[in-house]
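Participant: mmCIF, C-alpha atoms and all ligand atoms, saved as final-v9.cif, coming up:
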```cif
data_structure
loop_
_atom_site.label_atom_id
_atom_site.label_comp_id
_atom_site.auth_asym_id
_atom_site.auth_seq_id
_atom_site.Cartn_x
_atom_site.Cartn_y
_atom_site.Cartn_z
CA MET A 23 187.66 146.82 201.50
CA THR A 24 185.26 145.80 204.27
CA ASP A 25 186.24 143.40 207.07
CA ARG A 26 183.73 140.92 205.63
CA VAL A 27 185.51 140.91 202.28
CA LYS A 28 188.93 140.61 203.99
CA THR A 29 187.69 137.55 205.90
CA LEU A 30 186.23 136.07 202.74
CA ILE A 31 189.55 136.43 200.90
CA GLN A 32 191.45 134.79 203.77
CA ASN A 33 189.02 131.87 203.83
CA LEU A 34 189.00 131.43 200.04
CA GLU A 35 192.82 131.31 200.11
CA ARG A 36 192.72 128.85 203.01
CA ASN A 37 190.55 126.68 200.76
CA ASN A 38 193.18 126.93 197.98
CA PHE A 39 191.30 129.29 195.70
CA ASN A 40 193.08 132.32 194.27
CA ALA A 41 191.11 135.35 195.47
CA LEU A 42 191.47 138.75 193.83
CA TYR A 43 189.65 141.93 194.85
CA PHE A 44 188.74 144.81 192.52
CA GLU A 45 187.00 148.05 193.41
CA ASP A 46 185.00 148.02 190.21
CA SER A 47 184.29 146.05 187.06
CA ARG A 48 186.51 148.24 184.92
CA SER A 49 189.64 147.34 186.90
CA ALA A 50 188.71 143.64 186.86
CA VAL A 51 188.37 143.74 183.06
CA GLU A 52 191.72 145.53 182.78
CA TYR A 53 193.37 142.83 184.91
CA LEU A 54 191.94 140.07 182.72
CA LYS A 55 192.93 141.87 179.51
CA THR A 56 196.52 141.95 180.73
CA ASN A 57 196.68 138.40 182.07
CA LEU A 58 194.71 136.19 179.66
CA LYS A 59 196.72 134.68 176.81
CA LYS A 60 195.54 135.98 173.45
CA GLY A 61 194.16 133.22 171.24
CA ALA A 62 193.33 130.96 174.19
CA THR A 63 190.12 128.93 174.02
CA VAL A 64 187.60 130.56 176.31
CA THR A 65 183.97 129.96 177.19
CA SER A 66 181.47 130.79 179.88
CA GLY A 67 178.25 129.85 181.55
CA GLY A 68 175.25 132.10 181.00
CA SER A 69 175.58 134.89 183.53
CA MET A 70 174.23 138.36 184.23
CA THR A 71 177.33 139.06 186.33
CA LEU A 72 179.60 138.43 183.34
CA ALA A 73 177.41 140.59 181.11
CA GLU A 74 177.05 143.49 183.57
CA SER A 75 180.77 143.54 184.47
CA GLY A 76 181.88 143.76 180.83
CA ILE A 77 183.65 140.38 180.97
CA THR A 78 181.37 138.79 178.37
CA ALA A 79 182.26 141.62 176.00
CA LEU A 80 185.97 141.09 176.69
CA ILE A 81 186.07 137.33 176.17
CA SER A 82 183.81 137.37 173.11
CA GLY A 83 185.47 140.41 171.54
CA GLY A 84 187.78 138.63 169.09
CA GLU A 85 191.07 138.37 171.02
CA TYR A 86 190.29 134.80 172.10
CA ASN A 87 188.87 131.63 170.57
CA PHE A 88 185.47 132.11 172.22
CA LEU A 89 183.16 129.09 172.26
CA ASN A 90 179.80 130.81 172.01
CA ARG A 91 176.70 129.01 173.33
CA ALA A 92 174.58 131.08 170.97
CA ASN A 93 176.24 129.39 167.99
CA MET A 94 176.15 125.77 169.14
CA GLY A 95 173.49 124.69 166.64
CA ASN A 96 170.14 123.03 167.24
CA SER A 97 170.75 119.30 166.99
CA GLU A 98 171.40 116.97 169.91
CA GLU A 99 174.82 116.10 168.42
CA GLU A 100 175.80 119.78 168.21
CA PHE A 101 174.60 120.33 171.77
CA PHE A 102 176.76 117.51 173.18
CA GLU A 103 179.74 118.42 170.97
CA PHE A 104 179.63 122.01 172.19
CA TYR A 105 179.53 121.12 175.88
CA LYS A 106 182.18 118.44 175.44
CA ASN A 107 184.47 121.08 173.92
CA THR A 108 183.86 123.52 176.77
CA LEU A 109 185.36 121.00 179.19
CA GLY A 110 188.66 121.15 177.29
CA CYS A 111 188.96 124.94 177.15
CA ASP A 112 191.84 127.00 178.56
CA TYR A 113 189.71 129.47 180.54
CA TYR A 114 186.18 128.96 181.82
CA PHE A 115 184.22 131.92 183.20
CA CYS A 116 181.12 131.79 185.36
CA SER A 117 179.51 133.54 188.28
CA ALA A 118 178.39 132.17 191.65
CA ASN A 119 174.91 132.01 193.08
CA ALA A 120 176.40 132.62 196.52
CA VAL A 121 179.77 132.52 198.31
CA THR A 122 179.85 131.84 202.04
CA GLU A 123 181.96 133.76 204.53
CA LYS A 124 183.89 130.49 205.07
CA GLY A 125 184.99 130.54 201.42
CA GLU A 126 182.58 127.97 199.97
CA ILE A 127 181.27 128.59 196.46
CA VAL A 128 177.66 127.58 195.85
CA ASN A 129 176.10 127.12 192.44
CA VAL A 130 172.82 125.55 191.41
CA ASP A 131 172.17 124.64 187.78
CA GLY A 132 169.28 123.54 185.66
CA LEU A 133 171.46 121.94 182.98
CA GLY A 134 174.62 121.21 184.98
CA ASN A 135 177.05 122.73 182.47
CA ARG A 136 178.40 125.38 184.85
CA ILE A 137 178.89 123.12 187.85
CA SER A 138 180.48 120.35 185.79
CA ALA A 139 182.98 122.69 184.09
CA SER A 140 183.84 124.50 187.29
CA ALA A 141 184.47 121.23 189.17
CA PHE A 142 186.52 119.48 186.47
CA GLY A 143 187.85 120.03 182.96
CA PRO A 144 188.95 123.54 181.94
CA LYS A 145 192.57 124.36 182.78
CA GLN A 146 191.66 127.54 184.62
CA VAL A 147 188.34 128.71 186.00
CA PHE A 148 187.42 132.30 186.82
CA ILE A 149 184.46 132.73 189.14
CA ILE A 150 183.25 136.31 189.06
CA MET A 151 181.20 137.67 191.94
CA GLY A 152 179.83 140.99 193.13
CA THR A 153 179.90 141.57 196.89
CA ASN A 154 176.11 141.10 196.90
CA LYS A 155 176.77 137.33 196.61
CA ILE A 156 178.43 136.99 200.04
CA VAL A 157 176.28 135.04 202.52
CA LYS A 158 176.83 133.68 206.02
CA ASP A 159 176.70 129.94 205.33
CA THR A 160 175.38 127.24 203.01
CA THR A 161 171.87 127.45 204.52
CA ALA A 162 171.75 131.13 203.59
CA ALA A 163 173.22 130.29 200.18
CA PHE A 164 170.48 127.76 199.39
CA LEU A 165 167.88 130.23 200.60
CA ARG A 166 169.40 132.89 198.35
CA VAL A 167 168.95 130.54 195.40
CA LYS A 168 165.28 130.01 196.25
CA THR A 169 164.50 133.69 196.95
CA VAL A 170 166.72 135.60 194.51
CA ALA A 171 168.70 133.67 191.92
CA ALA A 172 166.11 131.14 190.75
CA PRO A 173 163.10 133.51 190.57
CA LYS A 174 165.04 136.22 188.72
CA ASN A 175 166.66 133.78 186.31
CA ALA A 176 163.32 132.08 185.71
CA VAL A 177 161.85 135.43 184.65
CA ARG A 178 164.91 136.25 182.53
CA LEU A 179 164.80 132.89 180.75
CA SER A 180 160.97 132.83 180.45
CA CYS A 181 160.73 129.60 182.47
CA ASP A 182 157.21 128.51 183.31
CA THR A 183 157.86 127.97 187.04
CA PRO A 184 156.00 129.11 190.16
CA CYS A 185 158.94 131.27 191.29
CA ALA A 186 158.76 133.29 188.08
CA LYS A 187 155.21 134.26 189.06
CA ILE A 188 155.43 134.70 192.85
CA GLY A 189 159.05 135.89 193.18
CA LYS A 190 160.26 133.04 195.41
CA CYS A 191 160.32 129.25 195.45
CA VAL A 192 156.92 127.69 195.97
CA SER A 193 158.52 125.48 198.68
CA LEU A 194 158.78 128.58 200.92
CA LEU A 195 155.00 128.68 201.18
CA LYS A 196 155.25 125.50 203.31
CA SER A 197 158.60 125.85 205.13
CA ASP A 198 161.18 128.52 206.04
CA ASN A 199 163.98 126.03 205.44
CA PRO A 200 163.08 123.79 202.48
CA GLY A 201 165.32 121.00 201.26
CA ILE A 202 167.09 121.12 197.92
CA THR A 203 164.60 118.79 196.25
CA ASP A 204 161.56 120.68 197.57
CA GLY A 205 159.79 123.01 195.20
CA CYS A 206 158.09 122.54 191.87
CA ASP A 207 157.91 119.63 189.43
CA SER A 208 157.93 121.93 186.43
CA PRO A 209 159.83 120.60 183.38
CA HIS A 210 161.35 124.10 183.31
CA ARG A 211 162.71 123.79 186.86
CA ILE A 212 166.06 125.60 186.96
CA CYS A 213 167.35 124.48 190.36
CA ARG A 214 168.19 120.83 189.80
CA ASP A 215 171.85 120.21 190.66
CA TYR A 216 173.67 121.75 193.62
CA LEU A 217 177.46 122.15 193.89
CA VAL A 218 179.31 123.43 196.96
CA MET A 219 183.00 123.93 196.18
CA GLY A 220 184.97 123.53 199.36
CA LYS A 221 188.66 122.95 199.93
CA GLN A 222 190.50 122.46 196.64
CA ASN A 223 193.76 120.68 196.07
CA ASN A 224 196.62 123.10 195.89
CA THR A 225 196.72 123.76 192.14
CA LYS A 226 195.15 127.23 192.32
CA ARG A 227 193.10 126.18 189.30
CA ILE A 228 190.23 128.41 190.36
CA THR A 229 190.43 132.18 190.73
CA VAL A 230 187.60 134.03 192.44
CA ILE A 231 187.36 137.61 191.24
CA ILE A 232 185.54 139.72 193.85
CA ILE A 233 184.19 142.99 192.48
CA ASP A 234 182.97 145.57 195.00
CA GLU A 235 179.70 146.16 193.18
CA GLU A 236 176.24 144.64 193.05
CA LEU A 237 176.34 142.30 190.07
CA GLY A 238 173.90 139.73 188.74
CA TYR A 239 171.50 137.67 190.82
S1 LIG A 301 161.90 124.48 192.63
FE1 LIG A 301 160.71 125.45 190.99
S2 LIG A 301 159.66 127.16 192.02
FE2 LIG A 301 161.33 126.54 193.36
S3 LIG A 301 163.02 127.89 192.83
FE3 LIG A 301 163.28 125.99 191.65
S4 LIG A 301 162.30 126.40 189.67
FE4 LIG A 301 161.56 127.96 191.12
#
```
Once you've parsed the file, please lay out its structure as structure tokens.

Facilitator:
Amino acid sequence: MTDRVKTLIQNLERNNFNALYFEDSRSAVEYLKTNLKKGATVTSGGSMTLAESGITALISGGEYNFLNRANMGNSEEEFFEFYKNTLGCDYYFCSANAVTEKGEIVNVDGLGNRISASAFGPKQVFIIMGTNKIVKDTTAAFLRVKTVAAPKNAVRLSCDTPCAKIGKCVSLLKSDNPGITDGCDSPHRICRDYLVMGKQNNTKRITVIIIDEELGY
């Protein structure tokens, strides 16, 4: 484990997150297999980290009551019913866009489902991160969103946004340090709502699983 990861773990714990380190995805999946209650209601945000680490396969594999976004239906009622149910689940899984060395977790959503469920609702939240998500501070985290996470996700989700075409936020053509509302006015904009999770109350509701691999965007 590098000194940077050791410091991150100390700071996450100081902020009342559980912080667990795994050398690779396989050992993280094994830990979860052993510790999650079979039959529990589980769901997740959309995430390349979860897919690449094998955690999506684990939680959707039949051992748990997995609320699957792909099966939510097409109507507005089904959409709201699905996301209302996710807030009452036992375990919620998501990734992070960036995690600062001070132990702050930064996520930026287009829909707001991930940041709302991680902040309040599910009994336990697992935030899965590769070591590629560690950044110095929130300024670097927001920049990471505008240079890495948003452009790559926009391509993946076929969003018609400038960043999908030029590989970074259009706001960076005017400033090195754009604000969170700078950028495009596309109806497909995927960086709408920002959440920085700082010091939690002492319930240890949130566990950050740090995997020593490059995972997701
Ligand atoms: S504001 Fe628009 S161009 Fe900039 S990162 Fe967000 S979606 Fe992409």

Participant: Using all atoms listed in the file, which residue out of A:Ile149, A:Leu133, A:Ala62, A:Ala172 lies closest to Tyr239 in chain A?

Facilitator: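 Among the listed residues, the smallest separation from Tyr239 in chain A belongs to A:Ala172.
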
Participant: With only C-alpha atoms and all ligand atoms counted, collect every polymer residue having an atom within 6 Å of ligand LIG 301 (chain A); state the result as a list in words.

Facilitator: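 If we count only C-alpha atoms and all ligand atoms, the neighbours of ligand LIG 301 (chain A) turn out to be Lys168, Ala172, Pro173, Thr183, Pro184, Cys185, Cys191, Val192, Gly205, Cys206, Arg211, Ile212 and Cys213 of chain A.
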
Participant: Pick from A:Leu89, A:Leu217, A:Leu42, A:Cys116: nearest to Phe104 in chain A, with all atoms listed in the file counted?

Facilitator: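 Of A:Leu89, A:Leu217, A:Leu42, A:Cys116, the one nearest Phe104 in chain A is A:Leu89, counting all atoms listed in the file.
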
Participant: As an exercise, work out the distance from CA of Glu52 in chain A to CA of Gly238 in chain A in Å and give it to one decimal place.

Facilitator: 19.7 Å

Participant: Using all atoms listed in the file, which of the listed residues (A:Lys28, A:Leu237, A:Ala163, A:Val170) sits closest to Ile150 in chain A?

Facilitator: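 Distance minimum relative to Ile150 in chain A lands on A:Leu237.
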
Participant: Tell me which of A:Thr108, A:Asn33, A:Thr24, A:Thr78 sits closest to Ala139 in chain A, counting all atoms listed in the file.

Facilitator: A:Thr108

Participant: Have a look at CA of Asn90 in chain A and CA of Glu74 in chain A and let me know their distance in Å, one decimal.

Facilitator: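 For CA of Asn90 in chain A relative to CA of Glu74 in chain A, the distance reads 17.4 Å.
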
Participant: Near Tyr105 in chain A, counting only C-alpha atoms, which residues have an atom at most 12 Å away, once you skip same-chain residues fewer than 2 positions from it, shown as JSON, numbers by chain?

Facilitator: {"A": [65, 66, 67, 89, 90, 91, 93, 94, 95, 98, 99, 100, 101, 102, 103, 107, 108, 109, 110, 111, 114, 133, 134, 135, 136, 138, 139, 143, 144]}

Participant: Selection from above, C-alpha atoms, as a PDB file, keeping the file's coordinate frame, can you write it?

Facilitator:
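selection18.pdb written:
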```
ATOM      1  CA  THR A  65     183.970 129.960 177.190  1.00  0.00           C
ATOM      2  CA  SER A  66     181.470 130.790 179.880  1.00  0.00           C
ATOM      3  CA  GLY A  67     178.250 129.850 181.550  1.00  0.00           C
ATOM      4  CA  LEU A  89     183.160 129.090 172.260  1.00  0.00           C
ATOM      5  CA  ASN A  90     179.800 130.810 172.010  1.00  0.00           C
ATOM      6  CA  ARG A  91     176.700 129.010 173.330  1.00  0.00           C
ATOM      7  CA  ASN A  93     176.240 129.390 167.990  1.00  0.00           C
ATOM      8  CA  MET A  94     176.150 125.770 169.140  1.00  0.00           C
ATOM      9  CA  GLY A  95     173.490 124.690 166.640  1.00  0.00           C
ATOM     10  CA  GLU A  98     171.400 116.970 169.910  1.00  0.00           C
ATOM     11  CA  GLU A  99     174.820 116.100 168.420  1.00  0.00           C
ATOM     12  CA  GLU A 100     175.800 119.780 168.210  1.00  0.00           C
ATOM     13  CA  PHE A 101     174.600 120.330 171.770  1.00  0.00           C
ATOM     14  CA  PHE A 102     176.760 117.510 173.180  1.00  0.00           C
ATOM     15  CA  GLU A 103     179.740 118.420 170.970  1.00  0.00           C
ATOM     16  CA  ASN A 107     184.470 121.080 173.920  1.00  0.00           C
ATOM     17  CA  THR A 108     183.860 123.520 176.770  1.00  0.00           C
ATOM     18  CA  LEU A 109     185.360 121.000 179.190  1.00  0.00           C
ATOM     19  CA  GLY A 110     188.660 121.150 177.290  1.00  0.00           C
ATOM     20  CA  CYS A 111     188.960 124.940 177.150  1.00  0.00           C
ATOM     21  CA  TYR A 114     186.180 128.960 181.820  1.00  0.00           C
ATOM     22  CA  LEU A 133     171.460 121.940 182.980  1.00  0.00           C
ATOM     23  CA  GLY A 134     174.620 121.210 184.980  1.00  0.00           C
ATOM     24  CA  ASN A 135     177.050 122.730 182.470  1.00  0.00           C
ATOM     25  CA  ARG A 136     178.400 125.380 184.850  1.00  0.00           C
ATOM     26  CA  SER A 138     180.480 120.350 185.790  1.00  0.00           C
ATOM     27  CA  ALA A 139     182.980 122.690 184.090  1.00  0.00           C
ATOM     28  CA  GLY A 143     187.850 120.030 182.960  1.00  0.00           C
ATOM     29  CA  PRO A 144     188.950 123.540 181.940  1.00  0.00           C
TER      30      PRO A 144
END
```

Participant: Would you compute the distance between CA of Asp215 in chain A and CA of Val121 in chain A? Give it in Å to one decimal.

Facilitator: 16.5 Å

Participant: Taking into account only C-alpha atoms, which residue in the set A:Val230, A:Ala73, A:Val177, A:Ile188 is nearest to Gln146 in chain A?

Facilitator: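 Once distances to Gln146 in chain A are computed over only C-alpha atoms, the minimum belongs to A:Val230.
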
Participant: Of the residues A:Gly201, A:Gly189, A:Gly125, A:Gly76, which is the one nearest to Leu30 in chain A, using only C-alpha atoms?

Facilitator: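 Looking at the shortest contact to Leu30 in chain A, the residue is A:Gly125.
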
Participant: Just want the 7 Å neighbourhood of Lys145 in chain A, counted on all atoms listed in the file, with same-chain residues fewer than 5 positions away dropped. Output as a count of residues only.

Facilitator: 4

Participant: What would the list of residues within 9 Å of (194.4, 121.8, 200.0) (file frame) look like as a ChimeraX atom specification, if only C-alpha atoms are what count?

Facilitator: /A:36-38,221-225
